[in-house]
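Note: the block below is structure10.cif and it holds mmCIF, C-alpha atoms.
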data_work
loop_
_atom_site.label_atom_id
_atom_site.label_comp_id
_atom_site.auth_asym_id
_atom_site.auth_seq_id
_atom_site.Cartn_x
_atom_site.Cartn_y
_atom_site.Cartn_z
CA MET A 27 0.00 0.00 0.00
CA ALA A 28 1.34 3.42 -0.96
CA MET A 29 2.22 5.78 1.86
CA LYS A 30 1.06 9.38 1.80
CA CYS A 31 3.76 11.97 2.15
CA GLU A 32 3.80 15.75 2.07
CA HIS A 33 6.34 15.83 -0.78
CA VAL A 34 3.96 14.30 -3.30
CA LYS A 35 1.77 17.42 -3.03
CA GLN A 36 4.61 19.38 -4.67
CA ALA A 37 5.11 16.81 -7.46
CA ASN A 38 4.11 17.69 -11.01
CA PRO A 39 3.44 14.52 -13.03
CA ASN A 40 2.96 16.68 -16.15
CA VAL A 41 6.46 18.22 -16.06
CA ALA A 42 8.18 17.72 -19.42
CA PRO A 43 10.95 15.10 -19.38
CA SER A 44 14.52 16.22 -20.07
CA GLY A 45 14.79 13.63 -22.84
CA GLU A 46 13.99 10.10 -23.93
CA GLY A 47 16.78 8.49 -21.89
CA CYS A 48 19.07 9.04 -18.94
CA LYS A 49 20.80 12.35 -19.61
CA GLU A 50 24.09 11.36 -17.96
CA CYS A 51 24.19 7.85 -19.47
CA LEU A 52 23.63 9.27 -22.94
CA GLU A 53 26.48 11.74 -22.39
CA THR A 54 28.92 9.06 -21.15
CA GLY A 55 27.81 6.07 -23.24
CA GLN A 56 26.58 4.05 -20.24
CA ARG A 57 23.52 1.79 -20.34
CA TRP A 58 20.56 1.84 -17.99
CA VAL A 59 18.07 -0.74 -16.69
CA GLN A 60 15.03 1.49 -16.08
CA LEU A 61 14.38 5.21 -16.13
CA ARG A 62 12.97 7.64 -13.57
CA LYS A 63 11.59 11.15 -14.15
CA CYS A 64 11.97 13.85 -11.50
CA LEU A 65 8.57 15.35 -10.77
CA SER A 66 10.12 18.68 -9.80
CA CYS A 67 12.15 19.49 -12.92
CA GLY A 68 11.65 16.63 -15.40
CA HIS A 69 15.23 15.29 -15.24
CA VAL A 70 15.33 11.73 -16.60
CA GLY A 71 17.85 9.51 -14.84
CA CYS A 72 18.54 5.82 -14.52
CA CYS A 73 17.33 3.67 -11.62
CA ASP A 74 19.33 2.28 -8.70
CA SER A 75 19.72 -1.06 -10.55
CA SER A 76 21.62 0.75 -13.30
CA PRO A 77 25.39 1.22 -13.02
CA GLY A 78 25.16 5.04 -12.93
CA GLN A 79 22.22 5.38 -10.49
CA HIS A 80 21.69 8.87 -11.91
CA ALA A 81 18.13 9.38 -10.60
CA ASN A 82 19.38 8.86 -7.04
CA LYS A 83 22.37 11.14 -7.68
CA HIS A 84 19.98 13.78 -9.03
CA PHE A 85 18.02 13.65 -5.76
CA LYS A 86 21.21 13.96 -3.70
CA GLU A 87 22.36 16.97 -5.74
CA THR A 88 19.02 18.80 -5.92
CA ALA A 89 16.87 17.50 -3.03
CA HIS A 90 13.98 17.06 -5.50
CA PRO A 91 12.07 14.43 -3.53
CA VAL A 92 9.71 12.55 -5.87
CA MET A 93 10.53 10.48 -8.95
CA GLN A 94 8.17 8.58 -11.21
CA ALA A 95 8.75 5.51 -13.34
CA PHE A 96 9.42 6.77 -16.87
CA LYS A 97 7.81 4.73 -19.65
CA SER A 98 7.36 1.70 -17.40
CA GLY A 99 4.41 2.52 -15.15
CA ASP A 100 3.00 5.35 -13.15
CA TRP A 101 4.26 4.59 -9.64
CA LYS A 102 6.07 7.29 -7.70
CA TRP A 103 8.90 7.11 -5.14
CA CYS A 104 9.75 9.67 -2.48
CA TYR A 105 13.47 9.67 -1.70
CA VAL A 106 12.97 11.67 1.50
CA ASP A 107 10.36 9.33 2.99
CA GLU A 108 11.87 6.25 1.26
CA ALA A 109 8.40 5.15 0.24
CA TYR A 110 6.12 4.65 -2.72
CA VAL A 111 3.55 7.41 -2.90
#

Target format structure tokens, applied to this file:
Amino acid sequence: MAMKCEHVKQANPNVAPSGEGCKECLETGQRWVQLRKCLSCGHVGCCDSSPGQHANKHFKETAHPVMQAFKSGDWKWCYVDEAYV
């Protein structure tokens, strides 16, 4: 069951994605497993199962709390609360 958090109220599921793939992986030639879209700014990064873990790094650099599965479902994850929302 998804937990409710205060951060999800600030999330914008309609924010435009930064691209069709992980920005950093595309720049460095790395591969990703799955993609995540930041619901604050639209940054697309790779998941924690990917070698680069760029979505997580994006959170650590920006403190943007909520990511959504990109092209593989509509679930959301809050990095602050460490919970699905």

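You can rank A:Ala109, A:Cys48, A:Cys104, A:Ala37 by their closest distance to A:Leu61 using all atoms listed in the file, and at the top of that list sits A:Cys48.
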
Could you check which of A:Val92, A:Leu65, A:Trp101, A:Cys72 is closest to A:Asn38, using all atoms listed in the file?
A:Leu65

Do a neighbour search on A:Pro43 at 8 Å with only C-alpha atoms, toss out local chain neighbours closer than 5 positions, and write the hits as a list in words.
Lys63, Cys67, Gly68, His69 and Val70 of chain A

When you count only C-alpha atoms, which of these residues is closest to A:Lys97: A:Arg62, A:Asn82, A:Lys35, A:Ser44?
A:Arg62

Starting from the shown file, work through the PyMOL selection byres ((chain A and resi 58) around 9) and note down what comes out as a PDB file with C-alpha atoms, in the coordinates of the input.
ATOM      1  CA  GLY A  47      16.780   8.490 -21.890  1.00  0.00           C
ATOM      2  CA  CYS A  48      19.070   9.040 -18.940  1.00  0.00           C
ATOM      3  CA  CYS A  51      24.190   7.850 -19.470  1.00  0.00           C
ATOM      4  CA  GLN A  56      26.580   4.050 -20.240  1.00  0.00           C
ATOM      5  CA  ARG A  57      23.520   1.790 -20.340  1.00  0.00           C
ATOM      6  CA  VAL A  59      18.070  -0.740 -16.690  1.00  0.00           C
ATOM      7  CA  GLN A  60      15.030   1.490 -16.080  1.00  0.00           C
ATOM      8  CA  LEU A  61      14.380   5.210 -16.130  1.00  0.00           C
ATOM      9  CA  GLY A  71      17.850   9.510 -14.840  1.00  0.00           C
ATOM     10  CA  CYS A  72      18.540   5.820 -14.520  1.00  0.00           C
ATOM     11  CA  CYS A  73      17.330   3.670 -11.620  1.00  0.00           C
ATOM     12  CA  SER A  75      19.720  -1.060 -10.550  1.00  0.00           C
ATOM     13  CA  SER A  76      21.620   0.750 -13.300  1.00  0.00           C
ATOM     14  CA  PRO A  77      25.390   1.220 -13.020  1.00  0.00           C
ATOM     15  CA  GLY A  78      25.160   5.040 -12.930  1.00  0.00           C
ATOM     16  CA  GLN A  79      22.220   5.380 -10.490  1.00  0.00           C
TER      17      GLN A  79
END

May I ask for the distance between atom CA of A:Glu53 and atom CA of A:Ala89, given in Å to one decimal place?
22.4 Å

note - atom CA of A:Glu46 and atom CA of A:Cys31 are separated by 28.1 Å

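Residue nearest A:Val41, chosen from A:Cys64, A:Tyr105, A:Val111, A:His80 and counting only C-alpha atoms: A:Cys64.
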
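Atom CA of A:Ser66 sits 18.0 Å away from atom CA of A:Gly99.
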
With all atoms listed in the file as the basis for distance, which of A:Asp107, A:Asp74, A:Ala81, A:Ala42 is at the shortest distance from A:Met93?
A:Ala81
